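Chemist: Data file coords_28.csv (CSV, C-alpha atoms) is appended below.
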```
chain,number,residue,atom,x,y,z
Z,1064,MET,CA,-5.1,21.3,10.3
Z,1065,ASN,CA,-2.4,18.9,9.7
Z,1066,ASN,CA,1.3,19.9,9.9
Z,1067,TYR,CA,3.3,17.0,8.7
Z,1068,PRO,CA,7.0,16.8,9.5
Z,1069,SER,CA,9.5,17.6,6.7
Z,1070,TRP,CA,10.6,13.9,6.5
Z,1071,TRP,CA,7.1,13.0,5.2
Z,1072,ASN,CA,8.5,13.6,1.7
Z,1073,THR,CA,8.1,10.3,-0.1
Z,1074,THR,CA,5.9,9.6,-3.1
Z,1075,ILE,CA,4.3,6.1,-3.1
Z,1076,THR,CA,2.3,4.1,-5.6
Z,1077,ILE,CA,-0.5,2.0,-4.1
Z,1078,TYR,CA,-1.8,-1.1,-6.0
Z,1079,ASN,CA,-5.2,-2.1,-4.8
Z,1080,LYS,CA,-6.4,-5.6,-5.6
Z,1081,TYR,CA,-10.0,-6.1,-6.7
Z,1082,GLU,CA,-11.6,-9.5,-7.3
Z,1083,ASP,CA,-14.9,-9.4,-9.1
Z,1084,ALA,CA,-17.4,-11.5,-7.2
Z,1085,GLN,CA,-19.2,-12.7,-10.3
Z,1086,THR,CA,-16.3,-13.4,-12.7
Z,1087,GLN,CA,-13.6,-14.1,-10.1
Z,1088,LEU,CA,-11.2,-12.0,-12.3
Z,1089,VAL,CA,-8.6,-10.1,-10.4
Z,1090,THR,CA,-7.6,-6.5,-11.4
Z,1091,TRP,CA,-5.2,-4.1,-9.8
Z,1092,HIS,CA,-5.8,-0.4,-9.6
Z,1093,ARG,CA,-2.8,2.0,-9.2
Z,1094,HIS,CA,-2.9,5.3,-7.3
Z,1095,VAL,CA,0.0,7.7,-6.5
Z,1096,VAL,CA,0.2,9.6,-3.2
Z,1097,THR,CA,2.7,12.3,-2.3
Z,1098,GLY,CA,4.0,13.5,1.1
Z,1099,CYS,CA,4.2,10.1,2.8
Z,1100,PHE,CA,6.6,8.7,5.4
Z,1101,TRP,CA,8.6,5.6,4.5
Z,1102,LYS,CA,10.8,3.6,6.8
Z,1103,TYR,CA,12.7,0.4,6.2
Z,1104,SER,CA,13.4,-1.4,9.4
Z,1105,GLY,CA,15.6,-4.5,10.0
Z,1106,ASN,CA,15.7,-6.1,13.4
Z,1107,LYS,CA,17.3,-9.2,14.9
Z,1108,VAL,CA,15.3,-11.1,17.5
Z,1109,THR,CA,16.8,-14.0,19.5
Z,1110,ILE,CA,14.5,-16.7,20.8
Z,1111,ASP,CA,16.4,-19.4,22.8
Z,1112,ASP,CA,19.3,-20.2,20.4
Z,1113,VAL,CA,17.5,-19.1,17.2
Z,1114,VAL,CA,18.2,-15.7,15.7
Z,1115,LEU,CA,15.4,-14.3,13.5
Z,1116,ASP,CA,16.1,-11.5,11.1
Z,1117,THR,CA,13.0,-9.5,10.7
Z,1118,LYS,CA,12.6,-6.9,8.0
Z,1119,ASP,CA,9.5,-4.7,7.6
Z,1120,ILE,CA,8.5,-1.4,6.1
Z,1121,ILE,CA,6.3,1.2,7.7
Z,1122,CYS,CA,4.4,3.8,5.6
Z,1123,ARG,CA,2.4,6.7,6.9
Z,1124,ILE,CA,0.1,8.3,4.4
Z,1125,PRO,CA,-1.4,11.8,4.9
Z,1126,VAL,CA,-5.2,12.1,5.3
Z,1127,SER,CA,-6.8,12.3,1.8
Z,1128,ASP,CA,-10.2,12.8,0.3
Z,1129,LYS,CA,-9.2,10.1,-2.1
Z,1130,PHE,CA,-9.1,7.4,0.6
Z,1131,LEU,CA,-12.1,5.1,0.9
Z,1132,GLU,CA,-12.6,2.2,3.3
Z,1133,LYS,CA,-12.5,-1.1,1.5
Z,1134,HIS,CA,-16.3,-1.6,1.5
Z,1135,GLU,CA,-16.7,1.9,0.0
Z,1136,TRP,CA,-14.0,1.4,-2.6
Z,1137,ILE,CA,-15.4,-1.9,-3.9
Z,1138,ALA,CA,-18.9,-0.3,-4.2
Z,1139,ILE,CA,-17.8,2.3,-6.7
Z,1140,PRO,CA,-17.8,1.5,-10.5
Z,1141,ASN,CA,-14.7,-0.4,-11.6
Z,1142,ASP,CA,-13.7,2.4,-14.1
Z,1143,GLN,CA,-13.6,4.9,-11.2
Z,1144,MET,CA,-11.5,2.8,-8.7
Z,1145,HIS,CA,-8.2,4.3,-10.0
Z,1146,ASN,CA,-9.4,7.7,-8.8
Z,1147,TYR,CA,-9.4,6.6,-5.2
Z,1148,PHE,CA,-7.3,4.3,-2.9
Z,1149,THR,CA,-7.9,2.0,0.0
Z,1150,LEU,CA,-5.7,0.0,2.2
Z,1151,SER,CA,-6.1,-3.7,2.7
Z,1152,GLN,CA,-4.1,-6.7,3.7
Z,1153,GLY,CA,-2.5,-8.0,0.5
Z,1154,ASP,CA,-2.4,-4.7,-1.3
Z,1155,ILE,CA,1.0,-3.5,-2.5
Z,1156,ILE,CA,2.8,-0.2,-2.0
Z,1157,VAL,CA,5.9,0.8,-4.0
Z,1158,LYS,CA,8.2,3.6,-2.9
Z,1159,GLY,CA,8.2,6.2,-5.7
Z,1160,GLU,CA,5.9,6.9,-8.6
Z,1161,VAL,CA,5.9,3.9,-10.9
Z,1162,GLN,CA,3.9,3.2,-14.0
Z,1163,ASP,CA,3.9,-0.6,-13.8
Z,1164,VAL,CA,0.7,-2.4,-14.7
Z,1165,ILE,CA,-0.3,-5.6,-12.9
Z,1166,ASN,CA,-2.0,-8.2,-14.9
Z,1167,GLU,CA,-2.2,-11.6,-13.2
Z,1168,TYR,CA,-3.0,-13.3,-16.5
Z,1169,GLN,CA,0.1,-12.3,-18.5
Z,1170,PRO,CA,3.7,-13.4,-17.8
Z,1171,ASN,CA,6.1,-10.9,-16.4
Z,1172,THR,CA,3.3,-8.5,-15.3
Z,1173,ARG,CA,1.9,-10.4,-12.3
Z,1174,SER,CA,1.9,-9.0,-8.7
Z,1175,SER,CA,4.8,-11.3,-7.8
Z,1176,ASP,CA,6.8,-9.8,-10.6
Z,1177,LEU,CA,6.2,-6.3,-9.4
Z,1178,LYS,CA,7.2,-7.2,-5.8
Z,1179,SER,CA,10.4,-9.0,-7.1
Z,1180,LYS,CA,11.3,-6.0,-9.2
Z,1181,TYR,CA,11.2,-3.4,-6.3
Z,1182,LYS,CA,11.7,-5.5,-3.2
Z,1183,ALA,CA,15.5,-5.8,-3.7
Z,1184,LEU,CA,15.6,-2.0,-3.6
Z,1185,GLN,CA,13.7,-2.0,-0.2
Z,1186,GLY,CA,11.1,-0.1,-2.1
Z,1187,CYS,CA,8.1,-2.4,-2.1
Z,1188,MET,CA,5.8,-4.0,0.5
Z,1189,GLU,CA,2.8,-6.1,0.7
Z,1190,ILE,CA,0.5,-4.8,3.4
Z,1191,GLN,CA,0.3,-7.0,6.4
Z,1192,GLU,CA,-1.6,-4.6,8.6
Z,1193,TRP,CA,-3.0,-1.1,8.4
Z,1194,SER,CA,-5.0,1.4,10.5
Z,1195,ASN,CA,-7.0,4.5,9.9
Z,1196,ASN,CA,-5.5,7.1,12.3
Z,1197,THR,CA,-7.9,9.9,11.5
Z,1198,GLY,CA,-10.6,11.8,13.4
Z,1199,GLY,CA,-11.1,12.3,17.1
Z,1200,GLY,CA,-8.9,15.4,17.5
Z,1201,ARG,CA,-5.7,13.6,16.3
Z,1202,GLY,CA,-2.9,15.8,15.1
Z,1203,ASN,CA,-1.3,14.8,11.8
Z,1204,GLU,CA,-4.1,12.5,10.7
Z,1205,HIS,CA,-2.8,9.7,8.6
Z,1206,TYR,CA,-3.2,6.1,7.4
Z,1207,PHE,CA,-0.6,3.6,8.7
Z,1208,ALA,CA,0.5,0.6,6.8
Z,1209,ARG,CA,3.1,-2.0,7.8
Z,1210,GLY,CA,4.3,-4.8,5.5
Z,1211,ILE,CA,7.1,-7.0,4.2
```
Go ahead and render the structure in this file as structure tokens.
Modeler:
Amino acid sequence: MNNYPSWWNTTITIYNKYEDAQTQLVTWHRHVVTGCFWKYSGNKVTIDDVVLDTKDIICRIPVSDKFLEKHEWIAIPNDQMHNYFTLSQGDIIVKGEVQDVINEYQPNTRSSDLKSKYKALQGCMEIQEWSNNTGGGRGNEHYFARGI
């Protein structure tokens, strides 16, 4: 049984990108998850005389029966995708429960608009990497996502 720490108290909204193989049309599916860990991290790295300012966000998502691996998620009917979530490079996570709809074909509703809206508040990331940290006797099973 999982016993998540008290600081896993953040609600997130995951936007999963789906591109139809036949039509090439892109749709985004929104899913809200509670009880997550969210950490904004800023670091400075010096290489020779160059100072790099790195900023990233780490999100840990508790194990869920609503999670599907990407290949499983894209195999379900399109009208059911919003009932589940997956994690994939390029997907977007927003801190908090938000109702925004992404439509890449209408001005002011594109994924870039969503990221711009929430990024200034350190409340949005595009997933760069993720891992499934479940199974095998792990305590506090979860899904890990890191992004910028």
Chemist: Name the residues, using the chain letters and numbers of the file, that sit within 8 Å of (-8.3, -7.7, -12.9) when counting all atoms listed in the file, and give them as a VMD selection string.
Modeler: chain Z and resid 1080 to 1083 1088 to 1091 1166 to 1167
Chemist: Might you pull out every residue within 8 Å of His1094 of chain Z, with all atoms listed in the file counted and same-chain residues fewer than 5 positions away left off, and present them as a list in words?
Modeler: Thr1076, Ile1077, Tyr1078, His1145, Asn1146, Tyr1147 and Phe1148 of chain Z
Chemist: Name all residues at most 7 Å from Val1126 of chain Z (count only C-alpha atoms; drop same-chain ones fewer than 2 positions away) and give them as a list of chain:residue names.
Modeler: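 After dropping sequence-adjacent residues, the list is Z:Ile1124, Z:Glu1204, Z:His1205, Z:Tyr1206.
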Chemist: Kindly give the distance, in Å, that separates atom CA of Thr1073 of chain Z and atom CA of Arg1123 of chain Z, rounded to a single decimal.
Modeler: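 Separating atom CA of Thr1073 of chain Z from atom CA of Arg1123 of chain Z is a distance of 9.7 Å.
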Chemist: If I take atom CA of Lys1180 of chain Z and atom CA of Thr1117 of chain Z, how far is one from the other in Å, to one decimal?
Modeler: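 So the two atoms, atom CA of Lys1180 of chain Z and atom CA of Thr1117 of chain Z, lie 20.3 Å apart.
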Chemist: Between Z:Pro1125, Z:Glu1135, Z:Asp1116, Z:Gly1199, which is the closest to Pro1068 of chain Z once you count only C-alpha atoms?
Modeler: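 Smallest distance to Pro1068 of chain Z is found for Z:Pro1125.
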Chemist: Find the residues around Ser1151 of chain Z up to 9 Å (only C-alpha atoms counted), leave out those fewer than 6 positions away in its own chain, and share them as number ranges by chain.
Modeler: Z: 1079-1080, 1132-1133, 1190-1193, 1208
Chemist: To one decimal in Å, tell me the separation between atom CA of Ile1155 of chain Z and atom CA of Thr1086 of chain Z.
Modeler: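 Taking atom CA of Ile1155 of chain Z as the start and atom CA of Thr1086 of chain Z as the end point, the length is 22.4 Å.
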Chemist: Return the single residue from Z:Ala1084, Z:Ile1165, Z:Leu1131, Z:Cys1122 that is closest to Tyr1103 of chain Z, with distances computed using only C-alpha atoms.
Modeler: Z:Cys1122
Chemist: Mind checking which residues fall within 9 Å of Asp1163 of chain Z, counting all atoms listed in the file, ignoring those fewer than 6 positions away in the same chain, and posting them as a VMD selection string?
Modeler: chain Z and resid 1093 1172 1177
Chemist: Which residue out of Z:Ser1174, Z:Ser1194, Z:Gln1185, Z:Gln1169 has the minimum interatomic distance to Gln1152 of chain Z when all atoms listed in the file are used?
Modeler: Z:Ser1194
